[in-house]
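Enquirer: Mind looking over this structure? Questions follow.
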Protein chains: 2
Amino acid sequence: MTRVMQPIRLLGIAGSLRSASFNRALLRAAVEMAPSGVQITTFDELAALPFYDGDVEAAGDPIPARSFRAAIDSADGVLITTPEYNDGTSAVLKNAIDWASRPPQRTLAGKVVAVMGASVTPSGARGGIESVKRAVRRAGSEVLDEQVAIPSVADAFDADLQLTDPLIRAEVAGLVATLAARARAASEEKLAA
Amino acid sequence: MTRVMQPIRLLGIAGSLRSASFNRALLRAAVEMAPSGVQITTFDELAALPFYDGDVEAAGDPIPARSFRAAIDSADGVLITTPEYNDGTSAVLKNAIDWASRPPQRTLAGKVVAVMGASVTPSGARGGIESVKRAVRRAGSEVLDEQVAIPSVADAFDADLQLTDPLIRAEVAGLVATLAARARAASEEKLAA
């Protein structure tokens, strides 16, 4: 019997809005390095979501929140890159996670999630990564222990925001592969259940 | 010599947007219970701030960010109430902290800050409180160890969102008094320096 492998679909989300953001550039590098059989689609409209507000939610999910849920629903796994602002993640990213976590859909529940972070400081955005992991774990996602934390990130990119550091390129490619493998296994577990 | 005591001015900030939010009601209770000589002004426009974006900032602080900085500048101390969303604080609150933290002004640096939290769950919003404390500490504020964490918050309020639980009323009044005393001491230290 020939088994046709479906491509693994990953959703990529960057937590910074600045157009020349290193985190967005990092996500682009991950997309470019995705191996055969792995498709990474990015969701770039996080800033269109309003701040979470129970009154707004009671009137029905805003359209950008529905779009974000649909993007997560159609993915086998989620790859997040986060900056670090005041020892935590960005508000725009936390807000999107909060909307997507809400019942009854709990769209993030059961999703396999990997987190990367980059900062121009020596921290490697570890405070940002940690707060993202806490949030998605609480939202019911399966969070990979593996992560990529990049300190002094400006040194890893060239002037055109291409990721040139070979070690970090390999780390990013490795995380994508690990996420894809885990997402494939999770999908197969669901099919078998 | 007669010493005229200036009133201690505290800025109150609630991290929830829902009109019937328990956190907003908790802040109102704190305002009502403020002792003589302590004025609490609330800043209710957090949702007017855009998501932090380095490109927006480079074009000049948005007007709501300037208003928020000015409100903090004119206060001797800051009283924050936070909900808990996915084991952290709300995006609308984190976003405001991030804007106010930015250099060169670093408006939160040196401010005395106290944090309360309330949740309908047994957690007492401790994850939210912790993430707020981490953020404002990193922003350079002096954060009180004392806090008020209210689990099962619906039981503490009546149908008109008045805080009726006598123990929690005393806890809130105690935290306000501690914050005011610490803010007064910090102001006097600055004058003496």
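Every chain in the structure tokens takes a letter, A first, then B, and so on in the order presented; its residues are numbered from 1, and the ligands are numbered from 1 following the presented order.
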Name all residues at most 8 Å from Leu93 of chain A (count only C-alpha atoms; drop same-chain ones fewer than 3 positions away) and give them as a PDB file with N, CA, C and O atoms, in the first residue's frame.

Expert:
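This is the output file part.pdb:
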ATOM      1  N   ALA A  14       4.502  36.104  14.563  1.00  0.00           N
ATOM      2  CA  ALA A  14       5.556  36.953  15.137  1.00  0.00           C
ATOM      3  C   ALA A  14       4.921  37.986  16.066  1.00  0.00           C
ATOM      4  O   ALA A  14       3.907  38.601  15.725  1.00  0.00           O
ATOM      5  N   GLY A  15       5.526  38.174  17.223  1.00  0.00           N
ATOM      6  CA  GLY A  15       4.941  39.029  18.250  1.00  0.00           C
ATOM      7  C   GLY A  15       5.373  40.475  18.219  1.00  0.00           C
ATOM      8  O   GLY A  15       5.052  41.221  19.146  1.00  0.00           O
ATOM      9  N   SER A  16       6.089  40.883  17.192  1.00  0.00           N
ATOM     10  CA  SER A  16       6.506  42.287  17.080  1.00  0.00           C
ATOM     11  C   SER A  16       5.838  42.922  15.872  1.00  0.00           C
ATOM     12  O   SER A  16       5.619  42.248  14.866  1.00  0.00           O
ATOM     13  N   LEU A  46      -2.197  40.325  13.637  1.00  0.00           N
ATOM     14  CA  LEU A  46      -2.469  40.344  15.089  1.00  0.00           C
ATOM     15  C   LEU A  46      -2.950  41.714  15.556  1.00  0.00           C
ATOM     16  O   LEU A  46      -3.788  41.816  16.460  1.00  0.00           O
ATOM     17  N   THR A  82       8.791  35.599  19.687  1.00  0.00           N
ATOM     18  CA  THR A  82       8.389  36.671  20.592  1.00  0.00           C
ATOM     19  C   THR A  82       9.559  37.597  20.920  1.00  0.00           C
ATOM     20  O   THR A  82      10.691  37.145  21.099  1.00  0.00           O
ATOM     21  N   THR A  89       6.179  38.934  27.266  1.00  0.00           N
ATOM     22  CA  THR A  89       5.970  39.017  25.834  1.00  0.00           C
ATOM     23  C   THR A  89       5.287  40.330  25.473  1.00  0.00           C
ATOM     24  O   THR A  89       4.995  41.157  26.338  1.00  0.00           O
ATOM     25  N   SER A  90       5.040  40.520  24.191  1.00  0.00           N
ATOM     26  CA  SER A  90       4.367  41.734  23.742  1.00  0.00           C
ATOM     27  C   SER A  90       2.869  41.630  24.007  1.00  0.00           C
ATOM     28  O   SER A  90       2.293  40.542  24.020  1.00  0.00           O
ATOM     29  N   ALA A  96      -3.676  38.155  21.324  1.00  0.00           N
ATOM     30  CA  ALA A  96      -4.130  37.161  20.336  1.00  0.00           C
ATOM     31  C   ALA A  96      -4.284  35.798  20.990  1.00  0.00           C
ATOM     32  O   ALA A  96      -5.270  35.073  20.738  1.00  0.00           O
ATOM     33  N   ILE A  97      -3.316  35.432  21.841  1.00  0.00           N
ATOM     34  CA  ILE A  97      -3.410  34.155  22.555  1.00  0.00           C
ATOM     35  C   ILE A  97      -4.679  34.137  23.416  1.00  0.00           C
ATOM     36  O   ILE A  97      -5.403  33.141  23.462  1.00  0.00           O
TER      37      ILE A  97
END

Enquirer: Within 12 Å of segment 59-75 of chain A, counting only C-alpha atoms, which residues show up once you throw out same-chain ones fewer than 5 positions away? Write them as a compact mmCIF listing (two decimals) with all heavy atoms, in the first residue's frame, please.

Expert:
# COMPACT_ATOMS: atom_id res chain seq x y z
N PRO A 7 1.35 17.20 3.55
CA PRO A 7 2.31 18.14 4.14
C PRO A 7 1.87 18.54 5.55
O PRO A 7 0.66 18.60 5.83
CB PRO A 7 2.26 19.34 3.18
CG PRO A 7 0.96 19.23 2.47
CD PRO A 7 0.63 17.77 2.40
N ILE A 8 2.85 18.79 6.37
CA ILE A 8 2.57 19.30 7.72
C ILE A 8 2.39 20.81 7.61
O ILE A 8 3.25 21.50 7.06
CB ILE A 8 3.73 18.98 8.68
CG1 ILE A 8 3.87 17.47 8.86
CG2 ILE A 8 3.53 19.67 10.03
CD1 ILE A 8 2.72 16.83 9.56
N ARG A 9 1.27 21.28 8.10
CA ARG A 9 0.98 22.72 8.00
C ARG A 9 1.24 23.38 9.35
O ARG A 9 0.61 23.03 10.36
CB ARG A 9 -0.48 22.92 7.59
CG ARG A 9 -0.81 22.41 6.20
CD ARG A 9 -2.29 22.08 6.11
NE ARG A 9 -2.63 21.13 7.18
CZ ARG A 9 -3.86 20.72 7.45
NH1 ARG A 9 -4.87 21.16 6.75
NH2 ARG A 9 -4.08 19.85 8.44
N LEU A 10 2.15 24.34 9.36
CA LEU A 10 2.45 25.10 10.57
C LEU A 10 2.00 26.54 10.39
O LEU A 10 2.10 27.09 9.30
CB LEU A 10 3.95 25.07 10.87
CG LEU A 10 4.59 23.68 11.03
CD1 LEU A 10 6.08 23.82 11.33
CD2 LEU A 10 3.90 22.88 12.14
N LEU A 11 1.50 27.11 11.47
CA LEU A 11 1.14 28.53 11.46
C LEU A 11 2.25 29.30 12.16
O LEU A 11 2.60 28.97 13.31
CB LEU A 11 -0.19 28.75 12.17
CG LEU A 11 -0.66 30.21 12.19
CD1 LEU A 11 -1.04 30.66 10.79
CD2 LEU A 11 -1.83 30.39 13.16
N GLY A 12 2.80 30.29 11.49
CA GLY A 12 3.84 31.12 12.08
C GLY A 12 3.30 32.46 12.54
O GLY A 12 2.56 33.12 11.81
N ILE A 13 3.67 32.85 13.77
CA ILE A 13 3.16 34.09 14.35
C ILE A 13 4.34 34.85 14.95
O ILE A 13 5.07 34.30 15.78
CB ILE A 13 2.15 33.80 15.49
CG1 ILE A 13 1.03 32.88 15.00
CG2 ILE A 13 1.57 35.10 16.03
CD1 ILE A 13 0.21 32.32 16.15
N VAL A 38 6.88 20.38 4.76
CA VAL A 38 6.43 21.27 5.85
C VAL A 38 6.10 22.63 5.25
O VAL A 38 6.96 23.25 4.60
CB VAL A 38 7.51 21.43 6.94
CG1 VAL A 38 7.04 22.41 8.02
CG2 VAL A 38 7.85 20.08 7.56
N GLN A 39 4.89 23.09 5.43
CA GLN A 39 4.47 24.41 4.96
C GLN A 39 4.24 25.32 6.15
O GLN A 39 3.45 24.97 7.03
CB GLN A 39 3.14 24.30 4.19
CG GLN A 39 3.24 23.60 2.85
CD GLN A 39 1.87 23.44 2.22
OE1 GLN A 39 0.85 23.73 2.84
NE2 GLN A 39 1.86 22.98 0.97
N ILE A 40 4.88 26.47 6.15
CA ILE A 40 4.62 27.44 7.22
C ILE A 40 3.88 28.63 6.61
O ILE A 40 4.40 29.30 5.71
CB ILE A 40 5.90 27.94 7.90
CG1 ILE A 40 6.77 26.76 8.37
CG2 ILE A 40 5.56 28.85 9.08
CD1 ILE A 40 8.08 27.17 9.04
N THR A 41 2.68 28.87 7.07
CA THR A 41 1.90 30.04 6.69
C THR A 41 1.97 31.04 7.84
O THR A 41 1.90 30.64 9.00
CB THR A 41 0.42 29.65 6.48
OG1 THR A 41 0.37 28.57 5.55
CG2 THR A 41 -0.40 30.81 5.97
N THR A 42 2.13 32.32 7.53
CA THR A 42 2.19 33.29 8.62
C THR A 42 0.87 34.03 8.75
O THR A 42 0.16 34.25 7.77
CB THR A 42 3.34 34.31 8.43
OG1 THR A 42 3.11 35.03 7.22
CG2 THR A 42 4.68 33.60 8.36
N PHE A 43 0.56 34.40 9.99
CA PHE A 43 -0.61 35.23 10.27
C PHE A 43 -0.08 36.60 10.71
O PHE A 43 0.56 36.71 11.76
CB PHE A 43 -1.48 34.60 11.36
CG PHE A 43 -2.77 35.34 11.59
CD1 PHE A 43 -3.89 35.04 10.84
CD2 PHE A 43 -2.85 36.36 12.54
CE1 PHE A 43 -5.09 35.72 11.04
CE2 PHE A 43 -4.04 37.05 12.73
CZ PHE A 43 -5.16 36.73 11.98
N ASP A 44 -0.33 37.60 9.89
CA ASP A 44 0.31 38.91 10.11
C ASP A 44 -0.66 39.98 10.60
O ASP A 44 -0.31 41.17 10.58
CB ASP A 44 0.96 39.38 8.80
CG ASP A 44 2.04 38.43 8.32
OD1 ASP A 44 2.84 37.98 9.16
OD2 ASP A 44 2.06 38.12 7.11
N GLU A 45 -1.84 39.57 11.01
CA GLU A 45 -2.88 40.56 11.32
C GLU A 45 -3.18 40.65 12.81
O GLU A 45 -4.29 41.02 13.20
CB GLU A 45 -4.17 40.21 10.56
CG GLU A 45 -3.98 40.04 9.05
CD GLU A 45 -3.48 41.31 8.39
OE1 GLU A 45 -3.86 42.41 8.84
OE2 GLU A 45 -2.67 41.20 7.44
N LEU A 46 -2.20 40.33 13.64
CA LEU A 46 -2.47 40.34 15.09
C LEU A 46 -2.95 41.71 15.56
O LEU A 46 -3.79 41.82 16.46
CB LEU A 46 -1.21 39.98 15.88
CG LEU A 46 -0.64 38.57 15.73
CD1 LEU A 46 0.44 38.36 16.78
CD2 LEU A 46 -1.72 37.51 15.87
N ALA A 47 -2.42 42.77 14.95
CA ALA A 47 -2.75 44.13 15.42
C ALA A 47 -4.18 44.53 15.06
O ALA A 47 -4.67 45.54 15.54
CB ALA A 47 -1.77 45.15 14.85
N ALA A 48 -4.84 43.72 14.23
CA ALA A 48 -6.24 44.02 13.90
C ALA A 48 -7.20 43.55 15.00
O ALA A 48 -8.37 43.96 15.02
CB ALA A 48 -6.62 43.35 12.57
N LEU A 49 -6.71 42.71 15.91
CA LEU A 49 -7.59 42.27 17.01
C LEU A 49 -7.74 43.40 18.01
O LEU A 49 -6.75 44.05 18.38
CB LEU A 49 -6.99 41.04 17.71
CG LEU A 49 -7.26 39.68 17.07
CD1 LEU A 49 -6.36 39.44 15.88
CD2 LEU A 49 -7.07 38.57 18.10
N PRO A 50 -8.94 43.66 18.47
CA PRO A 50 -9.08 44.64 19.56
C PRO A 50 -8.54 44.04 20.86
O PRO A 50 -8.36 42.82 20.95
CB PRO A 50 -10.60 44.84 19.65
CG PRO A 50 -11.17 43.54 19.17
CD PRO A 50 -10.21 43.02 18.12
N PHE A 51 -8.28 44.89 21.84
CA PHE A 51 -7.94 44.35 23.16
C PHE A 51 -9.09 43.46 23.64
O PHE A 51 -10.26 43.79 23.46
CB PHE A 51 -7.73 45.47 24.18
CG PHE A 51 -6.46 46.25 23.99
CD1 PHE A 51 -6.50 47.59 23.66
CD2 PHE A 51 -5.22 45.63 24.15
CE1 PHE A 51 -5.32 48.31 23.49
CE2 PHE A 51 -4.04 46.35 23.98
CZ PHE A 51 -4.10 47.70 23.65
N TYR A 52 -8.71 42.33 24.26
CA TYR A 52 -9.77 41.45 24.77
C TYR A 52 -10.68 42.22 25.72
O TYR A 52 -10.20 42.91 26.63
CB TYR A 52 -9.19 40.22 25.50
CG TYR A 52 -10.30 39.43 26.10
CD1 TYR A 52 -11.10 38.62 25.30
CD2 TYR A 52 -10.64 39.57 27.44
CE1 TYR A 52 -12.19 37.94 25.82
CE2 TYR A 52 -11.73 38.91 27.97
CZ TYR A 52 -12.50 38.09 27.16
OH TYR A 52 -13.59 37.45 27.67
N ASP A 53 -11.96 42.07 25.52
CA ASP A 53 -12.97 42.77 26.31
C ASP A 53 -14.19 41.85 26.37
O ASP A 53 -14.75 41.51 25.32
CB ASP A 53 -13.30 44.10 25.62
CG ASP A 53 -14.37 44.92 26.33
OD1 ASP A 53 -15.25 44.32 26.98
OD2 ASP A 53 -14.33 46.16 26.23
N GLY A 54 -14.57 41.45 27.56
CA GLY A 54 -15.68 40.51 27.71
C GLY A 54 -16.97 41.03 27.12
O GLY A 54 -17.81 40.24 26.66
N ILE A 80 5.79 30.23 17.20
CA ILE A 80 5.68 31.62 17.67
C ILE A 80 7.07 32.20 17.87
O ILE A 80 7.94 31.54 18.43
CB ILE A 80 4.89 31.67 19.01
CG1 ILE A 80 3.47 31.13 18.82
CG2 ILE A 80 4.87 33.08 19.57
CD1 ILE A 80 2.65 31.06 20.12
N LEU A 93 0.83 40.04 21.08
CA LEU A 93 0.84 38.58 21.02
C LEU A 93 0.00 37.97 22.14
O LEU A 93 -0.80 37.05 21.91
CB LEU A 93 2.29 38.07 21.09
CG LEU A 93 2.49 36.56 21.10
CD1 LEU A 93 1.80 35.90 19.91
CD2 LEU A 93 3.98 36.23 21.10
N ASN A 95 -2.48 39.25 23.61
CA ASN A 95 -3.89 39.52 23.31
C ASN A 95 -4.45 38.48 22.34
O ASN A 95 -5.57 37.97 22.52
CB ASN A 95 -3.99 40.91 22.69
CG ASN A 95 -5.41 41.38 22.51
OD1 ASN A 95 -6.16 41.46 23.48
ND2 ASN A 95 -5.79 41.68 21.28
N ALA A 96 -3.68 38.16 21.32
CA ALA A 96 -4.13 37.16 20.34
C ALA A 96 -4.28 35.80 20.99
O ALA A 96 -5.27 35.07 20.74
CB ALA A 96 -3.14 37.10 19.18
N ILE A 97 -3.32 35.43 21.84
CA ILE A 97 -3.41 34.15 22.55
C ILE A 97 -4.68 34.14 23.42
O ILE A 97 -5.40 33.14 23.46
CB ILE A 97 -2.15 33.93 23.42
CG1 ILE A 97 -0.93 33.70 22.53
CG2 ILE A 97 -2.34 32.77 24.40
CD1 ILE A 97 0.41 33.73 23.27
N ASP A 98 -4.94 35.25 24.10
CA ASP A 98 -6.11 35.29 24.98
C ASP A 98 -7.41 35.13 24.19
O ASP A 98 -8.29 34.37 24.60
CB ASP A 98 -6.12 36.60 25.80
CG ASP A 98 -5.01 36.62 26.85
OD1 ASP A 98 -4.48 35.55 27.19
OD2 ASP A 98 -4.68 37.72 27.33
N TRP A 99 -7.53 35.83 23.07
CA TRP A 99 -8.74 35.66 22.26
C TRP A 99 -8.89 34.20 21.81
O TRP A 99 -9.96 33.61 21.89
CB TRP A 99 -8.70 36.57 21.02
CG TRP A 99 -9.22 37.95 21.24
CD1 TRP A 99 -8.48 39.10 21.29
CD2 TRP A 99 -10.59 38.36 21.41
NE1 TRP A 99 -9.31 40.19 21.49
CE2 TRP A 99 -10.60 39.76 21.57
CE3 TRP A 99 -11.80 37.67 21.46
CZ2 TRP A 99 -11.78 40.49 21.77
CZ3 TRP A 99 -12.97 38.39 21.66
CH2 TRP A 99 -12.96 39.79 21.81
N ALA A 100 -7.78 33.63 21.32
CA ALA A 100 -7.86 32.27 20.76
C ALA A 100 -8.10 31.21 21.83
O ALA A 100 -8.50 30.09 21.51
CB ALA A 100 -6.57 31.96 19.99
N SER A 101 -7.83 31.57 23.08
CA SER A 101 -7.98 30.58 24.16
C SER A 101 -9.40 30.44 24.66
O SER A 101 -9.73 29.48 25.35
CB SER A 101 -7.10 31.00 25.35
OG SER A 101 -7.69 32.10 26.04
N ARG A 102 -10.25 31.39 24.31
CA ARG A 102 -11.55 31.49 24.99
C ARG A 102 -12.48 30.33 24.64
O ARG A 102 -12.50 29.85 23.51
CB ARG A 102 -12.23 32.81 24.62
CG ARG A 102 -11.45 34.04 25.12
CD ARG A 102 -11.52 34.20 26.61
NE ARG A 102 -12.91 34.37 27.04
CZ ARG A 102 -13.33 34.17 28.29
NH1 ARG A 102 -12.50 33.80 29.24
NH2 ARG A 102 -14.60 34.34 28.58
N PRO A 103 -13.25 29.89 25.63
CA PRO A 103 -14.26 28.89 25.37
C PRO A 103 -15.41 29.51 24.57
O PRO A 103 -15.54 30.73 24.57
CB PRO A 103 -14.71 28.48 26.77
CG PRO A 103 -14.42 29.66 27.65
CD PRO A 103 -13.21 30.34 27.03
N PRO A 104 -16.27 28.72 23.94
CA PRO A 104 -16.23 27.25 24.03
C PRO A 104 -15.23 26.61 23.06
O PRO A 104 -14.91 25.44 23.24
CB PRO A 104 -17.66 26.86 23.65
CG PRO A 104 -18.10 27.94 22.72
CD PRO A 104 -17.45 29.19 23.21
N GLN A 105 -14.72 27.36 22.09
CA GLN A 105 -13.87 26.69 21.09
C GLN A 105 -12.51 26.28 21.65
O GLN A 105 -11.96 25.27 21.25
CB GLN A 105 -13.65 27.61 19.87
CG GLN A 105 -14.92 28.08 19.19
CD GLN A 105 -15.31 29.46 19.68
OE1 GLN A 105 -15.20 29.78 20.88
NE2 GLN A 105 -15.76 30.30 18.77
N ARG A 106 -11.93 27.15 22.51
CA ARG A 106 -10.58 26.89 23.04
C ARG A 106 -9.65 26.44 21.91
O ARG A 106 -9.07 25.34 21.96
CB ARG A 106 -10.62 25.87 24.18
CG ARG A 106 -11.47 26.31 25.35
CD ARG A 106 -11.29 25.42 26.58
NE ARG A 106 -10.04 25.70 27.27
CZ ARG A 106 -9.11 24.79 27.55
NH1 ARG A 106 -9.27 23.56 27.17
NH2 ARG A 106 -8.02 25.15 28.18
N THR A 107 -9.50 27.32 20.95
CA THR A 107 -8.84 26.95 19.69
C THR A 107 -7.41 26.48 19.88
O THR A 107 -6.90 25.67 19.09
CB THR A 107 -8.89 28.15 18.72
OG1 THR A 107 -10.26 28.58 18.62
CG2 THR A 107 -8.38 27.79 17.35
N LEU A 108 -6.73 26.96 20.90
CA LEU A 108 -5.33 26.55 21.11
C LEU A 108 -5.20 25.22 21.83
O LEU A 108 -4.11 24.62 21.86
CB LEU A 108 -4.58 27.64 21.90
CG LEU A 108 -4.15 28.86 21.08
CD1 LEU A 108 -3.78 30.03 22.00
CD2 LEU A 108 -2.96 28.51 20.18
N ALA A 109 -6.27 24.74 22.41
CA ALA A 109 -6.20 23.51 23.20
C ALA A 109 -5.81 22.34 22.30
O ALA A 109 -6.38 22.14 21.23
CB ALA A 109 -7.53 23.24 23.88
N GLY A 110 -4.81 21.60 22.73
CA GLY A 110 -4.37 20.42 22.00
C GLY A 110 -3.40 20.71 20.86
O GLY A 110 -2.86 19.78 20.26
N LYS A 111 -3.19 21.99 20.55
CA LYS A 111 -2.25 22.34 19.47
C LYS A 111 -0.82 22.17 19.97
O LYS A 111 -0.50 22.51 21.11
CB LYS A 111 -2.44 23.79 19.03
CG LYS A 111 -3.67 24.02 18.20
CD LYS A 111 -3.51 23.50 16.79
CE LYS A 111 -4.86 23.47 16.09
NZ LYS A 111 -4.83 22.75 14.82
N VAL A 112 0.04 21.71 19.08
CA VAL A 112 1.47 21.64 19.39
C VAL A 112 2.07 23.01 19.07
O VAL A 112 1.86 23.55 17.98
CB VAL A 112 2.15 20.54 18.56
CG1 VAL A 112 3.62 20.43 18.96
CG2 VAL A 112 1.44 19.21 18.75
N VAL A 113 2.81 23.56 20.03
CA VAL A 113 3.34 24.91 19.89
C VAL A 113 4.84 24.92 20.20
O VAL A 113 5.27 24.31 21.19
CB VAL A 113 2.62 25.89 20.85
CG1 VAL A 113 3.24 27.29 20.79
CG2 VAL A 113 1.12 25.96 20.54
N SER A 141 -2.45 24.13 25.11
CA SER A 141 -1.56 23.66 24.05
C SER A 141 -0.51 22.71 24.61
O SER A 141 -0.22 22.70 25.81
CB SER A 141 -0.84 24.86 23.39
OG SER A 141 -1.76 25.73 22.79
N LEU A 179 9.17 20.57 15.71
CA LEU A 179 7.75 20.94 15.78
C LEU A 179 6.94 20.16 14.74
O LEU A 179 5.85 19.64 15.05
CB LEU A 179 7.60 22.44 15.57
CG LEU A 179 6.16 22.98 15.44
CD1 LEU A 179 5.36 22.70 16.72
CD2 LEU A 179 6.18 24.48 15.15
N ALA A 180 7.46 20.08 13.53
CA ALA A 180 6.73 19.38 12.47
C ALA A 180 6.56 17.90 12.82
O ALA A 180 5.48 17.32 12.63
CB ALA A 180 7.46 19.55 11.14
N ALA A 183 4.02 17.64 15.55
CA ALA A 183 2.67 17.94 15.04
C ALA A 183 2.15 16.77 14.21
O ALA A 183 0.97 16.41 14.29
CB ALA A 183 2.70 19.22 14.21
N ARG A 184 3.04 16.16 13.41
CA ARG A 184 2.62 14.98 12.62
C ARG A 184 2.20 13.84 13.57
O ARG A 184 1.16 13.21 13.38
CB ARG A 184 3.76 14.53 11.72
CG ARG A 184 3.58 13.13 11.15
CD ARG A 184 4.41 12.90 9.91
NE ARG A 184 3.88 13.62 8.78
CZ ARG A 184 4.57 13.96 7.69
NH1 ARG A 184 5.83 13.64 7.60
NH2 ARG A 184 3.98 14.62 6.71
N ALA A 186 1.13 14.07 16.59
CA ALA A 186 -0.13 14.41 17.27
C ALA A 186 -1.32 14.20 16.34
O ALA A 186 -2.38 13.73 16.76
CB ALA A 186 -0.07 15.85 17.78
N SER A 187 -1.14 14.57 15.07
CA SER A 187 -2.23 14.38 14.11
C SER A 187 -2.54 12.90 13.94
O SER A 187 -3.71 12.49 13.87
CB SER A 187 -1.85 14.98 12.75
OG SER A 187 -1.72 16.37 12.83
N ARG B 18 -14.12 45.12 30.52
CA ARG B 18 -15.56 44.83 30.66
C ARG B 18 -16.19 45.82 31.65
O ARG B 18 -15.63 46.08 32.72
CB ARG B 18 -15.71 43.40 31.18
CG ARG B 18 -17.08 42.81 31.13
CD ARG B 18 -17.00 41.31 31.41
NE ARG B 18 -16.50 41.01 32.74
CZ ARG B 18 -17.28 40.74 33.78
NH1 ARG B 18 -18.60 40.73 33.66
NH2 ARG B 18 -16.76 40.47 34.97

Enquirer: So that I can check the surroundings of segment 116-133 of chain A, please list as a list in words every protein, DNA and RNA residue that reaches within 8 Å of it, counting only C-alpha atoms and ignoring chain neighbours fewer than 3 positions away.

Expert: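 Once the adjacent positions are removed, what remains is Phe22, Asn23, Leu79, Ile80, Thr81, Thr82, Pro83, Glu84, Tyr85, Asp87, Gly88, Thr89, Ser90, Lys94, Val136, Arg137, Val143, Gln147, Val148, Ala149, Ile150, Pro151, Ser152, Val153 and Ala154 of chain A; Gly88 of chain B.
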
Enquirer: Those same residues, written as a compact mmCIF listing (two decimals), in the first residue's frame with N, CA and C atoms?

Expert:
# COMPACT_ATOMS: atom_id res chain seq x y z
N PHE A 22 13.37 42.11 14.25
CA PHE A 22 14.19 40.91 14.15
C PHE A 22 13.34 39.65 14.33
N ASN A 23 12.29 39.75 15.14
CA ASN A 23 11.44 38.58 15.33
C ASN A 23 10.68 38.22 14.05
N LEU A 79 4.11 27.94 15.37
CA LEU A 79 5.47 28.41 15.64
C LEU A 79 5.39 29.89 15.98
N ILE A 80 5.79 30.23 17.20
CA ILE A 80 5.68 31.62 17.67
C ILE A 80 7.07 32.20 17.87
N THR A 81 7.27 33.43 17.41
CA THR A 81 8.49 34.17 17.77
C THR A 81 8.07 35.37 18.61
N THR A 82 8.79 35.60 19.69
CA THR A 82 8.39 36.67 20.59
C THR A 82 9.56 37.60 20.92
N PRO A 83 9.26 38.88 21.02
CA PRO A 83 10.24 39.80 21.59
C PRO A 83 10.15 39.73 23.12
N GLU A 84 10.96 40.50 23.79
CA GLU A 84 10.84 40.63 25.24
C GLU A 84 10.64 42.09 25.59
N TYR A 85 9.50 42.38 26.17
CA TYR A 85 9.22 43.74 26.64
C TYR A 85 9.01 43.65 28.15
N ASP A 87 10.44 42.01 30.52
CA ASP A 87 10.52 40.65 31.08
C ASP A 87 9.33 39.77 30.73
N GLY A 88 8.54 40.18 29.72
CA GLY A 88 7.42 39.37 29.28
C GLY A 88 7.27 39.48 27.78
N THR A 89 6.18 38.93 27.27
CA THR A 89 5.97 39.02 25.83
C THR A 89 5.29 40.33 25.47
N SER A 90 5.04 40.52 24.19
CA SER A 90 4.37 41.73 23.74
C SER A 90 2.87 41.63 24.01
N LYS A 94 0.15 38.48 23.36
CA LYS A 94 -0.65 37.94 24.47
C LYS A 94 -2.14 38.11 24.20
N VAL A 136 0.24 29.77 26.59
CA VAL A 136 -0.32 28.75 25.70
C VAL A 136 -0.49 27.42 26.42
N ARG A 137 0.39 27.17 27.40
CA ARG A 137 0.21 25.95 28.19
C ARG A 137 -1.14 26.03 28.95
N VAL A 143 3.19 22.32 24.61
CA VAL A 143 4.30 23.23 24.33
C VAL A 143 5.61 22.45 24.32
N GLN A 147 13.35 25.18 22.48
CA GLN A 147 13.10 26.57 22.13
C GLN A 147 14.36 27.13 21.51
N VAL A 148 14.24 28.27 20.87
CA VAL A 148 15.42 28.98 20.38
C VAL A 148 15.39 30.38 20.97
N ALA A 149 16.39 30.70 21.76
CA ALA A 149 16.50 32.02 22.42
C ALA A 149 17.75 32.70 21.89
N ILE A 150 17.57 33.82 21.23
CA ILE A 150 18.69 34.47 20.54
C ILE A 150 19.03 35.80 21.20
N PRO A 151 20.16 35.85 21.90
CA PRO A 151 20.60 37.13 22.46
C PRO A 151 21.35 37.93 21.40
N SER A 152 21.49 39.22 21.66
CA SER A 152 22.29 40.09 20.76
C SER A 152 21.93 39.83 19.31
N VAL A 153 20.64 39.83 19.03
CA VAL A 153 20.13 39.31 17.76
C VAL A 153 20.64 40.09 16.55
N ALA A 154 20.96 41.36 16.74
CA ALA A 154 21.40 42.16 15.59
C ALA A 154 22.64 41.54 14.93
N GLY B 88 -1.40 35.02 33.07
CA GLY B 88 -0.68 36.29 33.02
C GLY B 88 -1.67 37.44 33.13

Enquirer: DSSP on the backbone, helix (DSSP H, G or I) only: what residues of chain B does that give? Format it as a PyMOL selection string.

Expert: chain B and resi 22-33+46-48+54-58+63-73+91-101+126-138+153-156+166-192

Enquirer: Considering only C-alpha atoms, state which residue in the set B:Ala58, B:Leu26, B:Ala20, B:Ala114 is at the smallest distance from Ala177 of chain B.

Expert: B:Ala114

Enquirer: Check segment 43-151 of chain A with DSSP on the backbone and list each residue it calls strand (DSSP E or B), as an MDAnalysis selection string.

Expert: chainID A and resid 77:82 85 88 112:118 142:150

Enquirer: Between atom CA of Gly140 of chain B and atom CA of Ala185 of chain B, what is the distance in Å, rounded to a tenth?

Expert: 17.3 Å

Enquirer: Tell me, as a list in words, which residues lie within 10 Å of Ala30 of chain B, counting only C-alpha atoms; anything in the same chain fewer than 6 positions away does not count.

Expert: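 Contacts, in chain order: Gly12, Arg24, Ile40, Leu79, Leu163, Arg169, Glu171, Val172, Ala173, Gly174, Leu175 and Val176 of chain B.
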
Enquirer: Could you state the separation of atom CA of Glu188 of chain A and atom CA of Arg138 of chain A in Å, given to one decimal place?

Expert: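 Going from atom CA of Glu188 of chain A over to atom CA of Arg138 of chain A, I get 23.5 Å.
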